[in-house]
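A.B. asks: My file is input_38.txt. It has compact mmCIF, C-alpha atoms:
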```txt
# COMPACT_ATOMS: atom_id res chain seq x y z
CA MET A 394 16.76 28.12 26.61
CA GLY A 395 17.56 28.66 30.29
CA ASN A 396 21.22 29.13 30.92
CA ARG A 397 22.22 27.17 27.81
CA LYS A 398 23.75 29.00 24.89
CA PHE A 399 21.29 28.95 22.01
CA SER A 400 22.28 31.61 19.44
CA GLY A 401 25.28 31.12 20.73
CA PHE A 402 42.84 17.65 14.14
CA VAL A 403 40.62 14.69 14.14
CA SER A 404 40.24 13.10 17.54
CA VAL A 405 40.29 9.46 16.52
CA VAL A 406 40.24 8.15 20.06
CA ILE A 407 37.12 10.11 20.95
CA ALA A 408 35.35 9.29 17.70
CA GLN A 409 36.00 5.56 17.99
CA PHE A 410 35.11 5.52 21.68
CA VAL A 411 31.71 7.09 21.10
CA ALA A 412 31.06 5.13 17.92
CA MET A 413 31.27 1.93 19.94
CA THR A 414 28.64 3.20 22.39
CA MET A 415 25.67 2.43 20.19
CA VAL A 416 22.36 2.99 21.92
CA VAL A 417 19.38 0.92 20.87
CA ILE A 418 16.13 2.87 21.01
CA GLY A 419 13.70 1.33 23.41
CA ALA A 420 10.57 2.33 21.53
CA ARG A 421 11.51 0.19 18.49
CA ALA A 422 14.15 -2.51 18.85
CA ALA A 423 15.25 -2.26 15.20
CA SER A 424 16.03 1.46 15.47
CA THR A 425 19.47 2.69 16.42
CA THR A 426 21.18 5.98 17.12
CA THR A 427 24.98 6.09 16.96
CA VAL A 428 27.40 8.94 17.49
CA VAL A 429 29.70 8.90 14.45
CA TYR A 430 31.92 11.77 15.55
CA ALA A 431 32.44 13.66 18.81
CA PHE A 432 34.14 17.05 18.72
CA SER A 433 37.05 17.70 21.09
CA GLY A 434 36.62 21.46 21.47
CA GLY A 435 39.99 22.29 19.94
CA PRO A 436 41.09 22.68 16.30
CA ASP A 437 38.25 20.43 15.15
CA GLY A 438 35.63 22.84 16.51
CA GLU A 439 33.03 23.08 19.22
CA TYR A 440 29.39 24.01 19.74
CA LEU A 441 27.40 22.71 16.76
CA ASP A 442 24.33 24.75 15.94
CA THR A 443 24.29 23.43 12.40
CA ASP A 444 22.12 21.80 9.83
CA LEU A 445 23.93 19.13 7.83
CA VAL A 446 24.06 18.68 4.07
CA MET A 447 25.11 15.52 2.20
CA ASP A 448 26.74 15.34 -1.24
CA ASN A 449 26.33 12.57 -3.82
CA ALA A 450 29.32 10.69 -2.40
CA GLY A 451 27.72 10.54 1.07
CA ASN A 452 30.01 13.14 2.66
CA LEU A 453 28.46 15.34 5.35
CA TYR A 454 29.15 19.07 5.71
CA GLY A 455 28.39 21.46 8.54
CA THR A 456 29.73 24.25 10.74
CA THR A 457 30.85 24.76 14.31
CA VAL A 458 30.19 28.10 15.95
CA GLN A 459 33.41 28.03 17.94
CA GLY A 460 36.75 26.23 17.89
CA GLY A 461 39.18 25.96 15.03
CA SER A 462 41.17 29.18 15.20
CA GLY A 463 38.65 30.46 17.75
CA SER A 464 35.83 31.73 15.54
CA GLY A 465 34.32 28.52 14.19
CA THR A 466 34.85 26.09 11.33
CA VAL A 467 33.37 24.52 8.23
CA PHE A 468 33.92 20.75 8.34
CA GLN A 469 33.50 17.59 6.31
CA LEU A 470 32.80 14.07 7.55
CA ALA A 471 33.72 11.45 4.94
CA PRO A 472 32.62 7.79 5.28
CA SER A 473 35.07 5.02 4.52
CA ALA A 474 34.91 1.34 5.47
CA GLY A 475 32.43 1.94 8.27
CA ARG A 476 34.33 4.88 9.76
CA TRP A 477 34.03 8.63 9.39
CA THR A 478 36.99 10.95 8.83
CA HIS A 479 36.65 14.53 10.05
CA THR A 480 38.40 17.35 8.17
CA VAL A 481 38.31 21.09 8.85
CA LEU A 482 37.77 22.72 5.47
CA TYR A 483 38.11 26.25 6.80
CA PRO A 484 38.76 27.80 10.24
CA PHE A 485 37.43 31.35 10.57
CA THR A 486 39.76 34.00 11.96
CA GLY A 487 37.09 36.41 13.25
CA GLY A 488 38.22 39.21 10.93
CA ALA A 489 37.08 40.15 7.45
CA ASP A 490 36.44 36.47 6.68
CA GLY A 491 33.67 36.23 9.29
CA ALA A 492 33.10 34.64 12.68
CA GLU A 493 30.61 32.24 14.27
CA PRO A 494 28.98 30.37 11.39
CA TYR A 495 25.54 29.11 12.40
CA LYS A 496 23.21 26.68 10.62
CA GLY A 497 25.60 24.99 8.24
CA VAL A 498 26.30 25.37 4.53
CA THR A 499 24.61 24.95 1.15
CA LEU A 500 26.07 22.97 -1.78
CA ASP A 501 26.03 24.08 -5.40
CA ALA A 502 26.16 21.78 -8.44
CA GLU A 503 29.97 22.00 -8.61
CA GLY A 504 30.44 20.99 -4.99
CA ASN A 505 31.23 24.44 -3.62
CA LEU A 506 29.84 25.49 -0.23
CA TYR A 507 28.03 28.67 0.82
CA GLY A 508 27.06 29.93 4.25
CA THR A 509 26.82 32.87 6.63
CA THR A 510 28.47 34.08 9.82
CA VAL A 511 26.68 36.13 12.45
CA ALA A 512 29.77 38.19 13.26
CA GLY A 513 33.03 39.26 11.67
CA GLY A 514 33.32 41.27 8.50
CA SER A 515 32.84 44.96 9.22
CA GLY A 516 30.11 47.50 9.94
CA PRO A 517 28.93 49.24 13.12
CA CYS A 518 27.81 46.04 14.87
CA GLU A 519 29.80 44.82 17.83
CA SER A 520 32.35 42.26 16.49
CA GLY A 521 31.12 42.94 12.93
CA CYS A 522 27.76 42.59 11.18
CA GLY A 523 28.49 39.23 9.55
CA VAL A 524 29.22 37.95 6.05
CA VAL A 525 28.06 35.59 3.32
CA PHE A 526 30.95 33.30 2.33
CA LYS A 527 31.83 30.81 -0.36
CA LEU A 528 34.21 27.86 -0.08
CA THR A 529 35.47 26.92 -3.54
CA ASN A 530 36.55 23.32 -4.03
CA SER A 531 39.41 22.88 -6.49
CA ALA A 532 40.56 19.25 -6.59
CA GLY A 533 40.06 18.93 -2.85
CA VAL A 534 41.65 22.27 -1.95
CA TRP A 535 39.16 24.63 -0.34
CA THR A 536 39.46 28.42 -0.59
CA GLU A 537 37.24 30.84 1.31
CA SER A 538 36.00 34.10 -0.19
CA VAL A 539 33.50 36.63 1.15
CA ILE A 540 30.74 37.38 -1.35
CA HIS A 541 28.95 39.93 0.81
CA THR A 542 29.79 41.86 3.97
CA PHE A 543 26.80 43.23 5.88
CA THR A 544 26.81 46.85 6.97
CA GLY A 545 23.82 46.88 9.33
CA SER A 546 21.60 48.98 7.07
CA ASP A 547 21.30 45.99 4.71
CA GLY A 548 20.89 43.46 7.53
CA SER A 549 23.06 42.08 10.30
CA GLY A 550 23.78 38.86 12.17
CA PRO A 551 22.79 36.42 9.39
CA GLY A 552 22.22 33.17 11.23
CA SER A 553 20.22 31.11 8.76
CA GLY A 554 21.19 28.92 5.84
CA LEU A 555 21.09 29.92 2.18
CA THR A 556 18.82 28.73 -0.63
CA PHE A 557 19.56 28.46 -4.37
CA ASP A 558 16.96 29.01 -7.08
CA LYS A 559 17.11 27.45 -10.55
CA ALA A 560 18.99 30.45 -11.93
CA GLY A 561 21.76 30.15 -9.34
CA ASN A 562 20.63 33.09 -7.21
CA LEU A 563 21.06 32.80 -3.45
CA TYR A 564 18.47 33.86 -0.86
CA GLY A 565 18.73 34.32 2.88
CA MET A 566 17.39 36.20 5.91
CA THR A 567 18.77 38.17 8.81
CA PRO A 568 17.18 38.53 12.26
CA THR A 569 18.34 42.12 12.74
CA GLY A 570 19.47 45.15 10.78
CA GLY A 571 17.77 46.79 7.85
CA THR A 572 15.77 50.00 7.86
CA TYR A 573 13.85 49.15 11.03
CA GLY A 574 16.48 46.98 12.71
CA LEU A 575 14.15 43.96 12.48
CA GLY A 576 15.85 41.98 9.74
CA VAL A 577 15.66 41.57 5.98
CA ILE A 578 15.29 39.02 3.19
CA TYR A 579 18.07 39.32 0.62
CA GLN A 580 19.12 38.01 -2.78
CA LEU A 581 22.64 37.44 -4.13
CA ARG A 582 22.84 37.22 -7.91
CA PRO A 583 25.99 35.83 -9.59
CA SER A 584 27.57 37.68 -12.50
CA ALA A 585 29.60 36.34 -15.41
CA THR A 586 32.74 37.84 -13.88
CA GLY A 587 32.40 35.85 -10.66
CA ASN A 588 31.09 38.76 -8.58
CA TRP A 589 27.82 38.67 -6.66
CA TRP A 590 25.21 41.43 -6.70
CA PHE A 591 23.40 41.92 -3.39
CA ARG A 592 19.99 43.46 -2.86
CA VAL A 593 17.40 43.53 -0.12
CA ILE A 594 14.10 42.17 -1.45
CA HIS A 595 12.10 42.67 1.75
CA THR A 596 12.66 44.68 4.91
CA PHE A 597 10.70 43.46 7.94
CA THR A 598 8.66 46.21 9.57
CA GLY A 599 7.45 44.42 12.70
CA GLY A 600 3.84 44.74 11.50
CA VAL A 601 1.77 42.05 9.83
CA ASP A 602 4.84 40.97 7.84
CA GLY A 603 6.61 39.89 11.03
CA SER A 604 9.99 40.57 12.56
CA SER A 605 13.30 38.74 12.78
CA GLY A 606 13.77 36.16 10.04
CA SER A 607 14.00 32.72 11.61
CA ALA A 608 17.03 30.46 11.70
CA GLY A 609 15.27 28.09 9.30
CA ARG A 610 16.24 28.60 5.67
CA LEU A 611 13.83 29.77 2.98
CA ILE A 612 12.28 27.23 0.60
CA LEU A 613 11.06 27.62 -2.98
CA ASP A 614 8.07 26.25 -4.86
CA HIS A 615 8.09 25.30 -8.56
CA ALA A 616 7.14 28.83 -9.56
CA GLY A 617 10.10 30.36 -7.74
CA ASN A 618 8.13 31.79 -4.83
CA LEU A 619 9.87 31.89 -1.44
CA TYR A 620 8.39 30.63 1.84
CA GLY A 621 9.63 31.11 5.37
CA VAL A 622 8.77 32.21 8.89
CA THR A 623 9.64 35.05 11.23
CA THR A 624 10.27 34.29 14.87
CA VAL A 625 8.17 37.16 16.23
CA GLY A 626 5.94 39.93 14.91
CA GLY A 627 2.85 39.55 12.81
CA ALA A 628 -0.73 40.35 13.71
CA ASN A 629 -0.40 38.66 17.11
CA GLY A 630 3.29 39.28 17.79
CA LYS A 631 4.05 35.53 17.91
CA GLY A 632 5.57 34.98 14.49
CA VAL A 633 4.37 34.68 10.89
CA ALA A 634 4.55 32.15 8.08
CA PHE A 635 4.87 34.02 4.79
CA LYS A 636 5.15 33.77 1.02
CA LEU A 637 7.34 36.12 -1.01
CA HIS A 638 6.49 36.37 -4.71
CA ARG A 639 7.42 38.60 -7.61
CA SER A 640 4.88 40.93 -9.20
CA TYR A 641 4.65 41.55 -12.94
CA THR A 642 6.91 44.59 -12.43
CA GLY A 643 9.63 42.42 -10.87
CA ALA A 644 9.11 43.74 -7.34
CA TRP A 645 8.99 41.24 -4.49
CA ILE A 646 5.79 41.22 -2.41
CA LEU A 647 5.44 39.51 0.98
CA LYS A 648 2.11 37.90 1.81
CA PRO A 649 1.48 36.63 5.38
CA LEU A 650 0.03 33.12 5.22
CA TYR A 651 -0.58 32.66 8.93
CA ALA A 652 0.00 34.68 12.11
CA PHE A 653 0.60 32.47 15.16
CA LYS A 654 -1.70 33.18 18.09
CA ASP A 655 -0.03 31.67 21.18
CA GLN A 656 -1.54 28.98 23.44
CA PRO A 657 -3.13 26.61 22.48
CA ASP A 658 -1.86 27.53 19.02
CA GLY A 659 1.89 27.76 18.37
CA ALA A 660 4.27 30.67 18.96
CA LEU A 661 7.85 31.60 18.04
CA PRO A 662 8.71 29.38 15.05
CA TYR A 663 12.52 29.14 14.96
CA GLY A 664 12.77 26.24 12.51
CA GLY A 665 12.00 26.45 8.80
CA LEU A 666 9.23 25.02 6.63
CA ILE A 667 8.95 21.91 4.43
CA PHE A 668 6.46 21.00 1.70
CA ASP A 669 4.49 17.82 1.14
CA ARG A 670 3.56 16.58 -2.33
CA SER A 671 0.30 18.54 -2.23
CA GLY A 672 2.02 21.84 -1.47
CA ASN A 673 1.04 21.97 2.20
CA LEU A 674 3.59 23.31 4.69
CA TYR A 675 4.87 21.87 7.99
CA GLY A 676 6.97 23.32 10.78
CA THR A 677 7.59 23.58 14.53
CA THR A 678 7.14 26.27 17.16
CA TYR A 679 9.28 26.73 20.23
CA TYR A 680 6.50 27.94 22.53
CA ALA A 681 2.76 27.59 23.08
CA GLY A 682 0.63 24.63 22.14
CA ALA A 683 -1.68 23.00 24.67
CA HIS A 684 1.11 22.69 27.25
CA ASP A 685 3.09 25.83 26.33
CA VAL A 686 6.26 23.93 25.34
CA GLY A 687 5.93 23.86 21.55
CA THR A 688 4.10 22.30 18.64
CA VAL A 689 4.29 20.67 15.23
CA TYR A 690 1.92 22.41 12.85
CA LYS A 691 0.56 22.09 9.32
CA LEU A 692 -0.51 24.87 6.95
CA THR A 693 -3.05 23.55 4.45
CA HIS A 694 -3.69 25.58 1.32
CA ARG A 695 -6.88 25.85 -0.68
CA GLY A 696 -6.29 28.24 -3.52
CA ASP A 697 -4.88 31.41 -2.00
CA SER A 698 -6.11 30.70 1.54
CA TRP A 699 -4.18 28.83 4.23
CA THR A 700 -5.49 27.06 7.33
CA GLU A 701 -3.28 26.16 10.30
CA SER A 702 -3.72 23.01 12.41
CA VAL A 703 -1.63 21.78 15.33
CA LEU A 704 -0.59 18.19 14.65
CA TYR A 705 1.01 17.70 18.05
CA SER A 706 1.51 19.69 21.25
CA PHE A 707 4.53 18.62 23.27
CA LYS A 708 3.96 17.90 26.95
CA GLY A 709 7.39 18.87 28.21
CA ALA A 710 8.41 15.57 29.75
CA LEU A 711 9.46 12.27 28.15
CA ASP A 712 8.05 13.33 24.77
CA GLY A 713 10.34 16.37 24.59
CA SER A 714 9.81 20.10 24.57
CA SER A 715 10.78 23.31 22.81
CA PRO A 716 11.51 22.22 19.22
CA ILE A 717 13.59 24.66 17.19
CA SER A 718 14.35 22.30 14.31
CA THR A 719 13.15 21.98 10.74
CA LEU A 720 11.29 18.74 10.03
CA VAL A 721 12.28 16.00 7.58
CA ARG A 722 9.96 13.55 5.82
CA ASP A 723 10.62 9.90 4.95
CA ALA A 724 9.38 8.02 1.89
CA ALA A 725 6.25 6.83 3.73
CA GLY A 726 5.18 10.36 4.67
CA ASN A 727 6.23 10.21 8.31
CA LEU A 728 7.65 13.39 9.83
CA TYR A 729 10.79 13.37 11.98
CA GLY A 730 12.28 16.16 14.06
CA THR A 731 14.10 16.98 17.26
CA THR A 732 13.34 18.92 20.41
CA SER A 733 15.93 21.08 22.12
CA GLU A 734 14.86 19.99 25.59
CA GLY A 735 12.85 17.30 27.40
CA GLY A 736 13.19 13.54 27.12
CA THR A 737 15.36 12.23 29.93
CA ARG A 738 15.45 13.69 33.43
CA GLY A 739 18.43 15.78 32.33
CA SER A 740 16.30 17.31 29.54
CA TYR A 741 18.76 16.68 26.70
CA GLY A 742 16.21 16.55 23.86
CA VAL A 743 14.59 13.83 21.74
CA ILE A 744 14.08 12.59 18.19
CA PHE A 745 10.35 12.33 17.54
CA LYS A 746 8.22 10.80 14.82
CA LEU A 747 4.77 11.85 13.62
CA ALA A 748 2.96 9.16 11.62
CA PRO A 749 -0.09 10.12 9.50
CA GLY A 750 -3.31 8.21 10.07
CA SER A 751 -6.91 8.31 8.92
CA ASN A 752 -9.08 11.45 9.03
CA ASN A 753 -6.04 13.76 9.07
CA SER A 754 -4.87 12.34 12.40
CA TRP A 755 -1.21 12.07 13.43
CA THR A 756 0.38 9.84 16.04
CA GLU A 757 3.50 11.01 17.87
CA SER A 758 6.16 8.68 19.23
CA VAL A 759 9.61 9.22 20.68
CA ALA A 760 12.24 7.50 18.56
CA TYR A 761 15.20 8.42 20.78
CA ARG A 762 15.99 10.32 23.96
CA PHE A 763 19.43 11.92 24.00
CA PRO A 764 21.35 10.81 27.10
CA GLY A 765 23.80 13.66 27.67
CA VAL A 766 27.54 13.35 28.31
CA PRO A 767 29.35 11.23 27.22
CA GLY A 768 26.61 10.63 24.64
CA ALA A 769 24.91 13.20 22.42
CA SER A 770 23.09 16.14 23.97
CA LEU A 771 20.87 19.07 22.95
CA PRO A 772 19.89 18.82 19.27
CA TYR A 773 19.06 22.33 18.09
CA ASN A 774 18.64 21.33 14.46
CA GLY A 775 16.83 18.81 12.30
CA MET A 776 18.26 15.93 10.31
CA VAL A 777 19.24 15.12 6.74
CA ALA A 778 18.34 11.81 5.06
CA ASP A 779 20.61 9.62 2.96
CA SER A 780 19.52 7.52 -0.02
CA VAL A 781 18.73 4.41 2.06
CA GLY A 782 16.61 5.96 4.80
CA ASN A 783 19.15 6.81 7.48
CA PHE A 784 19.15 10.26 9.07
CA TYR A 785 22.08 12.36 10.28
CA GLY A 786 22.05 15.28 12.69
CA ALA A 787 24.17 17.39 15.01
CA THR A 788 23.95 18.15 18.72
CA SER A 789 25.27 21.39 20.14
CA HIS A 790 26.77 19.61 23.15
CA GLY A 791 27.52 16.08 24.30
CA GLY A 792 30.36 13.70 23.62
CA PRO A 793 33.12 12.99 26.14
CA THR A 794 34.23 16.64 26.25
CA ASN A 795 30.69 18.10 25.86
CA ASP A 796 31.64 20.00 22.71
CA GLY A 797 29.09 18.53 20.31
CA THR A 798 28.48 15.44 18.19
CA ILE A 799 27.31 14.15 14.81
CA TYR A 800 24.93 11.19 15.07
CA LYS A 801 23.33 8.67 12.73
CA PHE A 802 19.72 7.64 13.32
CA THR A 803 18.27 4.56 11.62
CA PRO A 804 14.47 4.31 12.09
```
Will you turn the file into structure tokens for me?

C.D. replies:
Amino acid sequence: MGNRKFSGFVSVVIAQFVAMTMVVIGARAASTTTVVYAFSGGPDGEYLDTDLVMDNAGNLYGTTVQGGSGSGTVFQLAPSAGRWTHTVLYPFTGGADGAEPYKGVTLDAEGNLYGTTVAGGSGPCESGCGVVFKLTNSAGVWTESVIHTFTGSDGSGPGSGLTFDKAGNLYGMTPTGGTYGLGVIYQLRPSATGNWWFRVIHTFTGGVDGSSGSAGRLILDHAGNLYGVTTVGGANGKGVAFKLHRSYTGAWILKPLYAFKDQPDGALPYGGLIFDRSGNLYGTTYYAGAHDVGTVYKLTHRGDSWTESVLYSFKGALDGSSPISTLVRDAAGNLYGTTSEGGTRGSYGVIFKLAPGSNNSWTESVAYRFPGVPGASLPYNGMVADSVGNFYGATSHGGPTNDGTIYKFTP
């Protein structure tokens, strides 16, 4: 990521200023990308390395790594009459409540929010080993509680989002900590008394199972099996896509589905996975591909076997480079994602589209090139879709003060 930081109240004037600077995408005249909120770097937060989630009312939720009280925030953006109102739901203090929340939050059925912080809490890690937190919504009043504090031996630095199963259990990954210091997969099970029971369900060894759980959140199939990727490790040391399933004894077993091989294959998958209707998996890699600046890949399953194919290799120029985002699919089966670099001469990233064609072919096109300050800049995450086909995403930088933005993209 070069010298850019990767892992790491409402300013109405700024928001309205940027909202009026709508940029029409040159590739398709009907498509637009608009900044709906620009962060000021103060109490409202700064540095957005966050996925977004949308509730049934159309409100957006996410996190800022910094700002607020100094250790990051959880925020809401609420639409009303064509405008968006920003509210800080919780500012982290950097103590027992956690610090530096990456990758956003997860909603439950009651509208409560759950997420992780890479620091804060307690433990032997510098600045704390991180926490899992819950924000409880009671008639619009939000209260933060810590439902697990990492100690290092059970994982550390949790920087990925959380996933609910049908029973209300939460799952997540850490990139470090655990028995071998290479990260873990964990489960949090709710009790009737409101407590949460934590257990490690897989400890990464750095062997064929991989090392360092990625920033992309785990996903579940209909049978309750978990799927995800590790950034490094595996048979070739370049990352692994895996499945985690329960045996008849109740133990969790990790099965590697594919070990990335490096150029011209992919390497270092930071983003997560998504399914298609047939149960195939799609994702991105930060490195490798034909031009060594990243790929979009597909994992096709036939029974218990999986075959990897590279759908597109980025060239590192106008088409973008180094994607670290999770993909999103539209109703027509097109894939959309972002790259963390490339595009304009300033290399501020792009929104790309992959359209399926005949004979398993895919056509890539650039939907938008981020312009940099005072516009949006450096999208480290993917996008979330609303009910009418618009997409929303965050950029880590950009806006008039270069502290990050939320944008709306209409294909």

A.B. asks: One decimal, Å: what's the distance from CA of Ala502 in chain A over to CA of His479 in chain A, could you say?

C.D. replies: 22.5 Å

A.B. asks: To one decimal place in Å, what is the distance between CA of Ser718 in chain A and CA of Asp655 in chain A?

C.D. replies: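 Between CA of Ser718 in chain A and CA of Asp655 in chain A the gap is 18.5 Å.
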
A.B. asks: For CA of Val781 in chain A and CA of Leu720 in chain A, quote the distance in Å rounded to one decimal.

C.D. replies: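 It comes out at 18.0 Å.
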
A.B. asks: Please identify all polymer residues within 10 Å of Thr486 in chain A, counting all atoms listed in the file, omitting same-chain residues fewer than 3 positions from it, and present them as a VMD selection string.

C.D. replies: chain A and resid 461 to 466 483 489 to 493 513

A.B. asks: Write the selection just made, keeping C-alpha atoms, as an mmCIF file, keeping the file's coordinate frame?

C.D. replies:
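Okay, this is what ended up in part02.cif:
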```cif
data_model
loop_
_atom_site.group_PDB
_atom_site.id
_atom_site.type_symbol
_atom_site.label_atom_id
_atom_site.label_comp_id
_atom_site.auth_asym_id
_atom_site.auth_seq_id
_atom_site.Cartn_x
_atom_site.Cartn_y
_atom_site.Cartn_z
ATOM 1 C CA GLY A 461 39.180 25.960 15.030
ATOM 2 C CA SER A 462 41.170 29.180 15.200
ATOM 3 C CA GLY A 463 38.650 30.460 17.750
ATOM 4 C CA SER A 464 35.830 31.730 15.540
ATOM 5 C CA GLY A 465 34.320 28.520 14.190
ATOM 6 C CA THR A 466 34.850 26.090 11.330
ATOM 7 C CA TYR A 483 38.110 26.250 6.800
ATOM 8 C CA ALA A 489 37.080 40.150 7.450
ATOM 9 C CA ASP A 490 36.440 36.470 6.680
ATOM 10 C CA GLY A 491 33.670 36.230 9.290
ATOM 11 C CA ALA A 492 33.100 34.640 12.680
ATOM 12 C CA GLU A 493 30.610 32.240 14.270
ATOM 13 C CA GLY A 513 33.030 39.260 11.670
#
```

A.B. asks: Quick one: residues within 7 Å of range 797-801 of chain A, only C-alpha atoms counted, chain neighbours fewer than 5 positions away excluded, as a PyMOL selection string?

C.D. replies: chain A and resi 426-432+439-441+769+783-792

A.B. asks: Rank nothing, just name the residue among A:Ser715, A:Thr688, A:Gln459, A:Thr544 nearest to Pro484 in chain A, using only C-alpha atoms.

C.D. replies: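 Nearest to Pro484 in chain A: A:Gln459.
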
A.B. asks: Just checking: using all atoms listed in the file, which residue out of A:Ser607, A:Glu519, A:Val593, A:Asp614 ends up closest to Ala644 in chain A?

C.D. replies: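 Checking each candidate against Ala644 in chain A, we get A:Val593 as the closest.
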
A.B. asks: Could you list, as a list in words, every residue within 6 Å of Tyr454 in chain A, counting all atoms listed in the file and ignoring same-chain residues fewer than 3 positions away?

C.D. replies: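 Skipping anything fewer than 3 positions along the chain leaves Leu445, Val446, Phe468 and Gln469 of chain A.
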
A.B. asks: Determine, counting only C-alpha atoms, which protein, DNA and RNA residues have an atom within 7 Å of an atom of Ile612 in chain A; residues of the same chain fewer than 2 positions away are not included. Present the result as JSON, numbers by chain.

C.D. replies: {"A": [556, 610, 614, 619, 620, 621]}

A.B. asks: With all atoms listed in the file as the counted atoms, please give the residues lying no more than 12 Å from Gly626 in chain A, apart from itself and same-chain residues fewer than 5 positions off, as a list in words.

C.D. replies: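 Returned residues: Pro568, Leu575, Gly576, Phe597, Thr598, Gly599, Gly600, Val601, Asp602, Gly603, Ser604, Ser605, Gly606, Ser607, Lys631, Gly632, Val633, Ala634, Phe635, Pro649, Tyr651, Ala652, Phe653, Lys654, Asp655, Ala660, Leu661 and Pro662 of chain A.
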
A.B. asks: Need the neighbours of (9.0, 14.1, 27.4): which residues are at most 10 Å away, counting only C-alpha atoms, as a list in words?

C.D. replies: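 Those within range, by chain then number, are Phe707, Lys708, Gly709, Ala710, Leu711, Asp712, Gly713, Ser714, Thr732, Glu734, Gly735, Gly736, Thr737, Arg738, Ser740, Gly742, Val743, Val759 and Arg762 of chain A.
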
A.B. asks: Which is closest to Gly451 in chain A among A:Asn727, A:Pro472, A:Asp437, A:Asn530, if we use all atoms listed in the file?

C.D. replies: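 Ranking A:Asn727, A:Pro472, A:Asp437, A:Asn530 by distance to Gly451 in chain A, first place goes to A:Pro472.
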
A.B. asks: Here is a test: counting all atoms listed in the file, which residue of A:Gly523, A:Gly460, A:Gly782, A:Gly696 is nearest to Gly435 in chain A?

C.D. replies: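 Residue with the minimum atom-to-atom distance to Gly435 in chain A: A:Gly460.
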